[in-house]
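Undergrad: The following file, start.cif, comprises mmCIF, C-alpha atoms and all ligand atoms:
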data_entry
#
loop_
_atom_site.label_atom_id
_atom_site.label_comp_id
_atom_site.auth_asym_id
_atom_site.auth_seq_id
_atom_site.Cartn_x
_atom_site.Cartn_y
_atom_site.Cartn_z
CA MET A 1 22.54 20.98 10.10
CA MET A 2 19.31 21.83 11.95
CA ILE A 3 15.99 20.10 11.34
CA PRO A 4 13.26 21.60 13.53
CA ASN A 5 10.69 18.85 12.98
CA ILE A 6 10.37 15.12 13.26
CA TYR A 7 9.95 13.38 9.91
CA ASN A 8 8.85 9.76 10.01
CA PHE A 9 10.07 7.68 7.07
CA GLY A 10 8.70 4.42 8.50
CA ALA A 11 7.15 1.92 6.09
CA GLY A 12 4.06 1.28 8.14
CA PRO A 13 2.36 2.23 10.26
CA GLY A 14 3.27 5.32 8.27
CA CYS A 15 3.17 9.00 9.13
CA LEU A 16 -0.09 10.95 9.31
CA PRO A 17 -0.54 14.58 8.25
CA ALA A 18 -0.08 16.93 11.22
CA GLU A 19 -3.52 18.48 10.56
CA ILE A 20 -5.16 15.09 10.96
CA LEU A 21 -3.40 14.38 14.26
CA SER A 22 -4.64 17.75 15.56
CA GLN A 23 -8.17 17.00 14.37
CA ILE A 24 -8.14 13.62 16.13
CA VAL A 25 -6.99 15.20 19.39
CA LYS A 26 -9.80 17.76 19.09
CA ASP A 27 -12.43 15.11 18.29
CA ILE A 28 -11.53 12.50 20.87
CA PRO A 29 -13.40 13.84 23.90
CA ASP A 30 -16.55 14.81 22.03
CA TRP A 31 -17.11 13.56 18.48
CA TYR A 32 -20.87 13.21 18.89
CA ASP A 33 -23.15 14.14 21.77
CA GLY A 34 -20.36 14.17 24.36
CA MET A 35 -18.90 10.83 23.23
CA SER A 36 -15.78 9.91 21.31
CA VAL A 37 -16.09 8.15 17.96
CA MET A 38 -14.75 5.02 19.68
CA GLU A 39 -17.79 4.89 21.95
CA VAL A 40 -20.77 5.50 19.70
CA SER A 41 -22.74 2.69 18.11
CA HIS A 42 -21.85 1.98 14.51
CA ARG A 43 -25.64 1.81 13.93
CA LEU A 44 -26.21 5.44 14.89
CA PRO A 45 -27.22 7.57 11.88
CA VAL A 46 -24.26 9.88 12.52
CA PHE A 47 -21.80 7.00 12.07
CA VAL A 48 -23.66 5.46 9.13
CA GLU A 49 -23.65 8.88 7.43
CA LEU A 50 -19.89 9.10 8.02
CA THR A 51 -19.32 5.75 6.30
CA GLN A 52 -21.49 6.83 3.37
CA GLU A 53 -19.50 10.04 3.04
CA ILE A 54 -16.26 8.05 3.15
CA GLU A 55 -17.47 5.83 0.34
CA ARG A 56 -18.45 8.91 -1.72
CA ASP A 57 -15.04 10.53 -1.13
CA PHE A 58 -13.19 7.31 -1.98
CA ARG A 59 -15.14 6.86 -5.19
CA GLN A 60 -14.60 10.49 -6.15
CA LEU A 61 -10.86 10.46 -5.46
CA LEU A 62 -10.11 7.29 -7.42
CA SER A 63 -12.98 7.53 -9.94
CA ILE A 64 -14.12 4.05 -8.88
CA PRO A 65 -16.73 2.82 -11.37
CA GLU A 66 -20.24 1.95 -10.14
CA ASP A 67 -19.81 -1.71 -11.06
CA PHE A 68 -17.25 -2.07 -8.27
CA ALA A 69 -18.22 -2.59 -4.61
CA LEU A 70 -16.18 -0.86 -1.94
CA LEU A 71 -15.73 -2.97 1.20
CA PHE A 72 -14.12 -2.11 4.54
CA MET A 73 -12.93 -5.28 6.21
CA HIS A 74 -10.91 -6.49 9.19
CA GLY A 75 -7.71 -8.51 9.19
CA GLY A 76 -5.19 -6.43 7.27
CA ALA A 77 -3.88 -7.16 3.80
CA ARG A 78 -2.70 -10.58 4.90
CA SER A 79 -6.30 -11.69 5.43
CA GLN A 80 -6.84 -10.92 1.75
CA PHE A 81 -4.15 -13.42 0.82
CA ALA A 82 -6.77 -16.02 1.86
CA ALA A 83 -9.96 -14.08 1.10
CA VAL A 84 -9.03 -13.54 -2.55
CA PRO A 85 -8.86 -17.23 -3.53
CA LEU A 86 -11.76 -18.16 -1.25
CA ASN A 87 -14.02 -15.63 -2.97
CA LEU A 88 -12.75 -15.60 -6.53
CA LEU A 89 -11.98 -19.19 -7.48
CA HIS A 90 -15.56 -19.88 -8.59
CA GLY A 91 -14.81 -23.57 -8.87
CA ILE A 92 -11.59 -23.10 -10.85
CA GLN A 93 -8.51 -24.47 -9.07
CA ASN A 94 -5.79 -22.66 -11.01
CA THR A 95 -4.57 -19.15 -10.27
CA ASN A 96 -1.59 -17.09 -11.48
CA TYR A 97 0.86 -15.31 -9.19
CA LEU A 98 3.63 -12.89 -10.16
CA LEU A 99 6.40 -12.89 -7.56
CA THR A 100 8.28 -9.61 -7.34
CA GLY A 101 9.05 -9.38 -3.61
CA HIS A 102 8.30 -10.39 -0.05
CA TRP A 103 4.57 -9.65 -0.09
CA SER A 104 3.67 -11.30 -3.38
CA GLU A 105 5.59 -14.36 -2.22
CA LEU A 106 3.57 -14.49 1.00
CA ALA A 107 0.32 -14.07 -0.93
CA PHE A 108 1.36 -17.02 -3.11
CA GLU A 109 2.24 -19.17 -0.08
CA GLU A 110 -1.14 -18.51 1.55
CA ALA A 111 -3.02 -19.23 -1.68
CA LYS A 112 -1.51 -22.74 -1.75
CA LYS A 113 -3.95 -23.68 1.03
CA TYR A 114 -6.94 -23.01 -1.19
CA CYS A 115 -5.94 -23.54 -4.82
CA HIS A 116 -3.12 -24.39 -7.20
CA PRO A 117 -1.27 -21.12 -7.63
CA HIS A 118 1.05 -21.06 -10.60
CA ILE A 119 4.17 -18.88 -10.60
CA VAL A 120 4.00 -16.80 -13.78
CA ALA A 121 7.46 -15.36 -13.13
CA SER A 122 9.69 -14.66 -10.16
CA SER A 123 12.62 -12.34 -9.55
CA LYS A 124 13.61 -14.12 -6.34
CA ALA A 125 16.91 -15.24 -7.91
CA GLU A 126 17.72 -11.54 -8.45
CA ASN A 127 16.86 -10.77 -4.79
CA TYR A 128 13.63 -9.16 -5.93
CA THR A 129 15.32 -6.17 -7.50
CA GLN A 130 13.27 -6.13 -10.68
CA ILE A 131 10.16 -7.29 -12.52
CA PRO A 132 10.99 -10.28 -14.71
CA ASP A 133 10.96 -9.53 -18.43
CA PRO A 134 7.34 -10.14 -19.58
CA SER A 135 8.59 -12.10 -22.60
CA THR A 136 9.80 -14.80 -20.17
CA TRP A 137 6.49 -15.16 -18.29
CA VAL A 138 4.62 -18.43 -18.39
CA VAL A 139 0.92 -17.80 -17.86
CA ASN A 140 -1.69 -20.42 -17.01
CA GLU A 141 -4.46 -19.50 -19.45
CA ASN A 142 -7.15 -21.38 -17.50
CA ALA A 143 -6.83 -19.59 -14.20
CA ALA A 144 -9.36 -17.70 -12.08
CA TYR A 145 -7.20 -14.56 -11.87
CA ILE A 146 -3.66 -13.22 -11.85
CA HIS A 147 -2.39 -11.78 -8.57
CA TYR A 148 0.43 -9.24 -8.28
CA THR A 149 1.71 -6.71 -5.77
CA ASP A 150 1.68 -3.29 -7.38
CA ASN A 151 4.30 -1.93 -5.00
CA GLU A 152 6.60 -4.17 -2.98
CA THR A 153 7.00 -2.21 0.24
CA ILE A 154 10.15 -4.02 1.41
CA HIS A 155 12.03 -4.49 -1.86
CA GLY A 156 11.00 -1.15 -3.40
CA VAL A 157 9.82 -2.60 -6.71
CA GLU A 158 6.76 -0.97 -8.32
CA PHE A 159 4.88 -1.77 -11.52
CA PRO A 160 5.13 1.34 -13.71
CA SER A 161 1.73 0.45 -15.17
CA SER A 162 -0.78 -2.41 -15.07
CA SER A 163 -0.46 -2.52 -18.87
CA LEU A 164 2.84 -4.33 -18.34
CA ILE A 165 0.64 -7.26 -17.29
CA THR A 166 -2.42 -6.81 -19.48
CA ASN A 167 -0.27 -6.60 -22.62
CA ARG A 168 1.09 -10.00 -21.73
CA ILE A 169 -1.89 -11.91 -20.34
CA GLY A 170 -4.95 -10.84 -22.27
CA LYS A 171 -8.31 -11.26 -20.62
CA GLN A 172 -7.75 -12.65 -17.12
CA TRP A 173 -8.86 -10.41 -14.23
CA LEU A 174 -6.06 -8.67 -12.39
CA VAL A 175 -6.04 -8.85 -8.60
CA SER A 176 -3.67 -6.41 -6.98
CA ASP A 177 -2.27 -5.75 -3.53
CA MET A 178 -1.94 -1.95 -3.44
CA THR A 179 -1.34 -1.70 0.29
CA SER A 180 1.55 0.73 -0.05
CA ASN A 181 0.62 2.75 -3.14
CA LEU A 182 -3.16 3.14 -3.26
CA LEU A 183 -3.98 6.88 -3.49
CA THR A 184 -0.62 7.72 -5.05
CA LYS A 185 -1.71 7.50 -8.70
CA PRO A 186 -4.80 7.31 -10.91
CA ILE A 187 -6.09 3.80 -11.68
CA ASP A 188 -7.73 2.52 -14.84
CA PHE A 189 -10.07 -0.07 -13.31
CA SER A 190 -10.96 -1.82 -16.56
CA PRO A 191 -8.52 -4.79 -16.26
CA PHE A 192 -9.08 -5.27 -12.52
CA GLY A 193 -11.25 -7.80 -10.76
CA LEU A 194 -10.14 -6.68 -7.34
CA ILE A 195 -7.76 -4.30 -5.55
CA TYR A 196 -7.04 -4.45 -1.84
CA ALA A 197 -5.03 -2.37 0.62
CA SER A 198 -4.67 -2.24 4.36
CA THR A 199 -4.91 1.24 5.72
CA GLN A 200 -1.75 1.85 7.79
CA LYS A 201 0.30 3.46 5.02
CA ASN A 202 -1.52 5.91 2.78
CA LEU A 203 -5.00 5.54 4.22
CA GLY A 204 -4.62 6.16 7.93
CA ILE A 205 -3.93 3.63 10.67
CA ALA A 206 -3.79 -0.15 11.03
CA GLY A 207 -7.01 -2.07 11.55
CA LEU A 208 -8.98 -1.75 8.35
CA THR A 209 -8.61 -3.23 4.88
CA VAL A 210 -10.15 -1.66 1.82
CA VAL A 211 -11.35 -4.05 -0.89
CA ILE A 212 -12.50 -2.70 -4.27
CA VAL A 213 -14.13 -5.61 -6.07
CA ARG A 214 -16.01 -6.00 -9.32
CA LYS A 215 -19.66 -6.70 -8.38
CA SER A 216 -20.01 -9.38 -11.04
CA LEU A 217 -17.44 -11.48 -9.13
CA LEU A 218 -19.47 -11.54 -5.91
CA GLY A 219 -21.82 -14.27 -4.74
CA LYS A 220 -19.74 -17.31 -5.64
CA ALA A 221 -17.45 -17.73 -2.63
CA HIS A 222 -16.25 -21.21 -1.66
CA ALA A 223 -18.71 -22.85 0.77
CA LEU A 224 -16.05 -22.99 3.50
CA THR A 225 -15.26 -19.26 3.33
CA PRO A 226 -15.48 -17.82 6.84
CA SER A 227 -18.38 -15.36 6.92
CA VAL A 228 -16.10 -12.52 8.03
CA LEU A 229 -14.02 -13.03 4.87
CA ASN A 230 -16.98 -13.39 2.51
CA TYR A 231 -17.20 -10.34 0.22
CA SER A 232 -20.90 -10.78 -0.52
CA ILE A 233 -21.80 -10.95 3.18
CA CYS A 234 -19.65 -7.90 3.79
CA GLU A 235 -21.39 -6.01 0.99
CA GLN A 236 -24.87 -7.07 2.12
CA HIS A 237 -24.11 -5.70 5.60
CA GLN A 238 -22.57 -2.43 4.37
CA SER A 239 -19.22 -3.58 5.83
CA MET A 240 -20.81 -3.99 9.28
CA TYR A 241 -21.30 -7.76 9.49
CA ASN A 242 -19.21 -7.72 12.62
CA THR A 243 -18.53 -4.60 14.67
CA PRO A 244 -16.40 -2.44 12.39
CA ALA A 245 -13.09 -0.86 13.31
CA VAL A 246 -14.85 2.44 13.97
CA PHE A 247 -11.81 4.51 14.87
CA CYS A 248 -9.80 3.39 11.82
CA TRP A 249 -12.78 4.08 9.61
CA TYR A 250 -13.11 7.58 11.06
CA VAL A 251 -9.37 8.25 10.51
CA LEU A 252 -9.71 7.02 6.92
CA GLY A 253 -12.46 9.63 6.49
CA LEU A 254 -10.10 12.39 7.66
CA VAL A 255 -7.35 11.14 5.33
CA LEU A 256 -9.69 11.16 2.32
CA LYS A 257 -10.86 14.73 3.07
CA TRP A 258 -7.21 15.75 3.43
CA ALA A 259 -6.35 14.06 0.12
CA ILE A 260 -9.16 15.90 -1.66
CA ALA A 261 -8.01 19.20 -0.12
CA GLN A 262 -4.45 18.58 -1.40
CA GLY A 263 -5.84 18.59 -4.94
CA GLY A 264 -6.83 14.95 -5.36
CA ILE A 265 -5.04 12.10 -7.07
CA SER A 266 -3.37 14.11 -9.84
CA THR A 267 -1.65 16.34 -7.27
CA LEU A 268 -0.74 13.45 -4.96
CA SER A 269 0.63 11.49 -7.89
CA ALA A 270 2.81 14.40 -9.08
CA LEU A 271 4.08 14.97 -5.53
CA CYS A 272 4.87 11.29 -5.12
CA GLN A 273 6.90 11.36 -8.32
CA GLU A 274 8.75 14.52 -7.35
CA LYS A 275 9.54 13.39 -3.79
CA SER A 276 10.99 10.07 -4.88
CA GLN A 277 12.95 11.68 -7.74
CA ARG A 278 14.68 14.01 -5.28
CA ILE A 279 15.90 11.03 -3.23
CA TYR A 280 16.91 9.00 -6.30
CA ASN A 281 18.87 12.02 -7.57
CA VAL A 282 21.01 11.95 -4.42
CA ILE A 283 21.47 8.19 -4.67
CA ASP A 284 22.48 8.40 -8.33
CA ALA A 285 24.76 11.44 -7.89
CA ASN A 286 27.76 9.22 -7.12
CA ASP A 287 28.64 5.77 -5.76
CA PHE A 288 28.21 6.66 -2.10
CA TYR A 289 24.60 5.40 -1.94
CA ILE A 290 23.27 2.39 -3.84
CA CYS A 291 19.69 1.49 -4.66
CA PRO A 292 19.64 -2.17 -5.75
CA VAL A 293 16.42 -1.91 -7.79
CA VAL A 294 16.53 -1.80 -11.60
CA LYS A 295 15.73 1.82 -12.55
CA ALA A 296 12.61 1.13 -14.62
CA TYR A 297 10.95 -0.58 -11.63
CA ARG A 298 11.99 1.67 -8.78
CA SER A 299 9.22 2.42 -6.34
CA ARG A 300 7.97 5.99 -5.95
CA VAL A 301 6.86 5.15 -2.42
CA ASN A 302 9.44 2.96 -0.67
CA ILE A 303 13.11 3.52 -1.51
CA PRO A 304 15.55 0.89 -0.24
CA PHE A 305 19.19 1.93 -0.32
CA ARG A 306 22.49 1.07 1.22
CA LEU A 307 25.83 2.74 1.61
CA GLN A 308 28.79 1.64 -0.50
CA ARG A 309 30.76 1.62 2.75
CA ARG A 310 28.47 -0.62 4.74
CA GLU A 311 30.37 -0.01 7.97
CA LEU A 312 28.95 3.55 7.92
CA GLU A 313 25.29 2.49 7.81
CA SER A 314 24.68 2.38 11.54
CA LEU A 315 26.30 5.83 11.94
CA PHE A 316 24.14 7.13 9.08
CA LEU A 317 20.97 5.81 10.72
CA HIS A 318 22.01 7.04 14.16
CA GLN A 319 22.79 10.58 13.00
CA ALA A 320 19.63 10.74 10.90
CA ASN A 321 17.58 9.69 13.90
CA GLU A 322 19.26 12.28 16.13
CA LEU A 323 18.34 14.95 13.58
CA GLY A 324 14.68 13.94 13.56
CA LEU A 325 14.77 11.79 10.40
CA LYS A 326 13.10 8.75 11.92
CA GLN A 327 12.67 5.08 11.02
CA LEU A 328 15.04 4.99 8.05
CA GLN A 329 16.26 1.46 8.78
CA GLY A 330 15.46 -1.19 6.16
CA HIS A 331 13.11 -4.10 6.85
CA LYS A 332 14.61 -6.81 9.06
CA THR A 333 14.72 -9.27 6.14
CA VAL A 334 16.90 -7.02 3.94
CA GLY A 335 18.59 -4.59 6.35
CA ALA A 336 20.33 -1.36 5.28
CA CYS A 337 18.10 1.72 4.80
CA ARG A 338 14.69 2.53 3.40
CA ALA A 339 12.87 5.83 2.99
CA SER A 340 9.09 5.54 2.75
CA LEU A 341 7.46 8.55 1.16
CA TYR A 342 3.75 8.18 1.74
CA ASN A 343 1.38 10.99 0.86
CA ALA A 344 1.63 12.42 4.36
CA MET A 345 5.41 12.97 4.07
CA PRO A 346 5.82 16.68 3.33
CA MET A 347 8.28 17.92 0.72
CA LYS A 348 10.12 19.66 3.58
CA GLY A 349 10.81 16.24 5.10
CA VAL A 350 12.16 14.95 1.79
CA ASP A 351 14.37 18.01 1.41
CA ALA A 352 15.68 17.55 4.95
CA LEU A 353 16.63 13.96 4.12
CA VAL A 354 18.24 15.05 0.84
CA GLU A 355 20.33 17.65 2.67
CA PHE A 356 21.40 15.13 5.33
CA MET A 357 22.32 12.48 2.73
CA GLN A 358 24.40 15.00 0.77
CA GLU A 359 26.20 16.28 3.86
CA PHE A 360 26.85 12.78 5.17
CA ALA A 361 28.28 11.71 1.81
CA LYS A 362 30.53 14.79 1.69
CA MET A 363 31.76 14.19 5.21
CA HIS A 364 32.64 10.53 4.58
CA ALA A 365 33.73 10.63 0.92
C1 LIG B 401 2.36 -4.68 0.04
C2 LIG B 401 1.95 -5.23 1.36
N1 LIG B 401 1.08 -6.24 1.39
C3 LIG B 401 0.66 -6.79 2.54
C4 LIG B 401 1.10 -6.31 3.76
C5 LIG B 401 0.58 -6.90 5.03
O1 LIG B 401 -0.32 -6.00 5.57
P1 LIG B 401 -1.04 -6.27 6.97
O2 LIG B 401 0.03 -6.20 8.01
O3 LIG B 401 -2.04 -5.15 7.05
O4 LIG B 401 -1.68 -7.60 6.91
C6 LIG B 401 2.01 -5.23 3.78
C7 LIG B 401 2.50 -4.72 5.05
O5 LIG B 401 3.40 -3.94 5.13
C8 LIG B 401 2.44 -4.70 2.55
O6 LIG B 401 3.30 -3.68 2.52
#
Please re-express this file's structure in structure tokens.
TA:
Amino acid sequence: MMIPNIYNFGAGPGCLPAEILSQIVKDIPDWYDGMSVMEVSHRLPVFVELTQEIERDFRQLLSIPEDFALLFMHGGARSQFAAVPLNLLHGIQNTNYLLTGHWSELAFEEAKKYCHPHIVASSKAENYTQIPDPSTWVVNENAAYIHYTDNETIHGVEFPSSSLITNRIGKQWLVSDMTSNLLTKPIDFSPFGLIYASTQKNLGIAGLTVVIVRKSLLGKAHALTPSVLNYSICEQHQSMYNTPAVFCWYVLGLVLKWAIAQGGISTLSALCQEKSQRIYNVIDANDFYICPVVKAYRSRVNIPFRLQRRELESLFLHQANELGLKQLQGHKTVGACRASLYNAMPMKGVDALVEFMQEFAKMHA
């Protein structure tokens, strides 16, 4: 089997479209007036205009309503594990957390420093292979918000729809970590108070965190909130309270233009569905590969799988790597294999992986 290209299935930092890498190489020596984008002041009109264009593109792509602010912050998604309670408690001490994998558990642990997070439900006892049945959830009705992770990057569990939660909890604002699946599907913003995502998966490279927050929730941060984590301060300074991550912001701009050129969210969403289905079809074809996640909650973006004959896993990963199918190993906490299919993964890469998985299974059946 011959694969002429390198396909990067890493979970993050994830792959970038080849066109964007070429554009970056072209821009680096002279983005503006003989200087690279990394060297110009973020106060120059040319950079400010870029950030305004990025905001317009983001709003257009996701149809973000005007009553939401769009912030570009430092610190990765993990900083939001603290920033969310610090900004959104508004004097209430109770919060709700749904635990469906590694990242929602870490968000819950961090929140304990600032409030009394209540576990609505947890699938930890099932090794985070499903979303607990909503009829078993215990919701604190007097909480500031309910936090959940829309797509668990390590465990490969994704909420099929936010209505799974809203049907169960009524009026509380949803707060969602969409680090690994923002820009892979349309979003109905009506039940959301806040959505956050760091940028190293579907939005470019590490170093920036996007926060989409309902404006009515701003202005009431806890007095001890560090200024760099304060949403209102960030908004008042157009996301430039401290020197912004200019290069990451610029790459995000290229990614958004690329996403629009692909056909926007409806196209990206259909592609995401199709790419993951092709991999799940191979996994489900026989017992050679196993995906531990309950079918209804399988992620369209990160697919964890193992081999029935576990002794073959290292050979599988080694041969895949030799063929150019890179970074298929699972996260260190769960092992085995994982294929991440971010927007930048072309269908050709998915088909190459499908072909390899089928041939490997035939060879070792
Ligand atoms: C769903 C999710 N949340 C949070 C994080 C942490 O992101 P960061 O490393 O940008 O803080 C990750 C990282 O992979 C993630 O996948």
Undergrad: Can I get the residues of chain A within 9 Å of ligand LIG 401 (chain B), each with the closest pair of atoms and their distance in Å to one decimal, using all atoms listed in the file, sorted chain first then ascending number, as a Markdown table?
TA:
| residue | atom | partner | partner_atom | distance |
| --- | --- | --- | --- | --- |
| A:Ala11 | CA | B:LIG401 | O5 | 7.0 |
| A:Gly12 | CA | B:LIG401 | O5 | 6.1 |
| A:Pro13 | CA | B:LIG401 | O5 | 8.1 |
| A:Gly75 | CA | B:LIG401 | O4 | 6.5 |
| A:Gly76 | CA | B:LIG401 | O3 | 3.4 |
| A:Ala77 | CA | B:LIG401 | O4 | 3.8 |
| A:Arg78 | CA | B:LIG401 | O4 | 3.7 |
| A:Ser79 | CA | B:LIG401 | O4 | 6.3 |
| A:Gln80 | CA | B:LIG401 | O4 | 8.0 |
| A:Phe81 | CA | B:LIG401 | C3 | 8.4 |
| A:Gly101 | CA | B:LIG401 | C1 | 9.0 |
| A:His102 | CA | B:LIG401 | C1 | 8.2 |
| A:Trp103 | CA | B:LIG401 | N1 | 5.1 |
| A:Ser104 | CA | B:LIG401 | N1 | 7.4 |
| A:Leu106 | CA | B:LIG401 | C3 | 8.4 |
| A:Ala107 | CA | B:LIG401 | C3 | 8.1 |
| A:Thr149 | CA | B:LIG401 | C1 | 6.2 |
| A:Asp150 | CA | B:LIG401 | C1 | 7.6 |
| A:Asn151 | CA | B:LIG401 | C1 | 6.1 |
| A:Glu152 | CA | B:LIG401 | C1 | 5.2 |
| A:Thr153 | CA | B:LIG401 | O6 | 4.6 |
| A:Ile154 | CA | B:LIG401 | O6 | 6.9 |
| A:Asp177 | CA | B:LIG401 | C1 | 5.9 |
| A:Met178 | CA | B:LIG401 | C1 | 6.2 |
| A:Thr179 | CA | B:LIG401 | C1 | 4.8 |
| A:Ser180 | CA | B:LIG401 | O6 | 5.4 |
| A:Asn181 | CA | B:LIG401 | C1 | 8.3 |
| A:Tyr196 | CA | B:LIG401 | N1 | 8.9 |
| A:Ala197 | CA | B:LIG401 | N1 | 7.3 |
| A:Ser198 | CA | B:LIG401 | O3 | 4.8 |
| A:Thr199 | CA | B:LIG401 | O3 | 7.1 |
| A:Gln200 | CA | B:LIG401 | O3 | 7.0 |
| A:Lys201 | CA | B:LIG401 | O5 | 8.0 |
| A:Ala206 | CA | B:LIG401 | O3 | 6.6 |
| A:Gly207 | CA | B:LIG401 | O3 | 7.4 |
| A:Leu208 | CA | B:LIG401 | O3 | 7.8 |
| A:Thr209 | CA | B:LIG401 | O3 | 7.2 |
Undergrad: Which polymer residues have any atom within 9 Å of an atom of segment 267-280 of chain A, counting all atoms listed in the file, with same-chain residues fewer than 4 positions away left out, as a list in words?
TA: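 Everything that qualifies: Leu183, Thr184, Lys185, Pro186, Ala259, Gln262, Gly263, Asp284, Ala285, Cys291, Ser299, Arg300, Val301, Asn302, Ile303, Ala339, Leu341, Tyr342, Asn343, Met345, Pro346, Met347, Val350, Asp351, Leu353, Val354 and Met357 of chain A.
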Undergrad: Counting only C-alpha atoms, what is within 12 Å of Glu311 of chain A, bar same-chain residues fewer than 6 positions away, as a ChimeraX atom specification?
TA: /A:317,336,364
Undergrad: With distances taken over only C-alpha atoms, which residue among A:Leu312, A:Ile205, A:Ala261, A:Ala365 lies nearest Leu16 of chain A?
TA: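 For Leu16 of chain A, the nearest of the given residues is A:Ile205.
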Undergrad: Let me know the centre plus edge lengths, in Å and rounded to one decimal, of a box with edges along x, y and z that contains all listed atoms of segment 39-54 of chain A and is padded by 8 Å on every side, as AutoDock Vina command-line options.
TA:
--center_x -21.7 --center_y 5.9 --center_z 12.5 --size_x 27.0 --size_y 24.2 --size_z 34.9
Undergrad: Taking all atoms listed in the file into account, name the residue in A:Ala18, A:Met38, A:Leu86, A:Ile64 that is nearest to Thr225 of chain A.
TA: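 Distance minimum relative to Thr225 of chain A lands on A:Leu86.
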Undergrad: Hey, which of A:Val84, A:Met35, A:Ile260, A:Val228 ends up closest to Gln60 of chain A? Count all atoms listed in the file.
TA: A:Ile260
Undergrad: For atom CA of Asp57 of chain A and atom CA of Tyr7 of chain A, quote the distance in Å rounded to one decimal.
TA: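 One can read the atom CA of Asp57 of chain A to atom CA of Tyr7 of chain A distance as 27.5 Å.
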Undergrad: Of the candidates A:Leu194, A:Leu50, A:Ile233, A:Gln308, which one gets nearest to Asn286 of chain A if we count all atoms listed in the file?
TA: A:Gln308
Undergrad: Which residues, written as a PyMOL selection string, have at least one atom at most 8 Å from segment 238-244 of chain A, with all atoms listed in the file counted and residues fewer than 5 positions away on the same chain left out?
TA: chain A and resi 42+71-74+228+233+249
Undergrad: For a test of reading the model, state the distance in Å between atom CA of Pro65 of chain A and atom CA of Ser162 of chain A, rounded to one decimal.
TA: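 Between atom CA of Pro65 of chain A and atom CA of Ser162 of chain A the gap works out to 17.2 Å.
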Undergrad: Using Å and a single decimal, report how far atom CA of Ala111 of chain A sits from atom CA of His222 of chain A.
TA: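 Pair atom CA of His222 of chain A / atom CA of Ala111 of chain A returns 13.4 Å.
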Undergrad: Considering all atoms listed in the file, can you say which of A:Val213, A:Ile131, A:Cys234, A:Leu252 comes closest to Tyr297 of chain A?
TA: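 Residue with the minimum atom-to-atom distance to Tyr297 of chain A: A:Ile131.
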Undergrad: Counting only C-alpha atoms, figure out which residue out of A:Ala352, A:Ile265, A:Leu325, A:Leu217 gets nearest to Arg59 of chain A.
TA: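 Between A:Ala352, A:Ile265, A:Leu325, A:Leu217, the residue approaching Arg59 of chain A most closely is A:Ile265.
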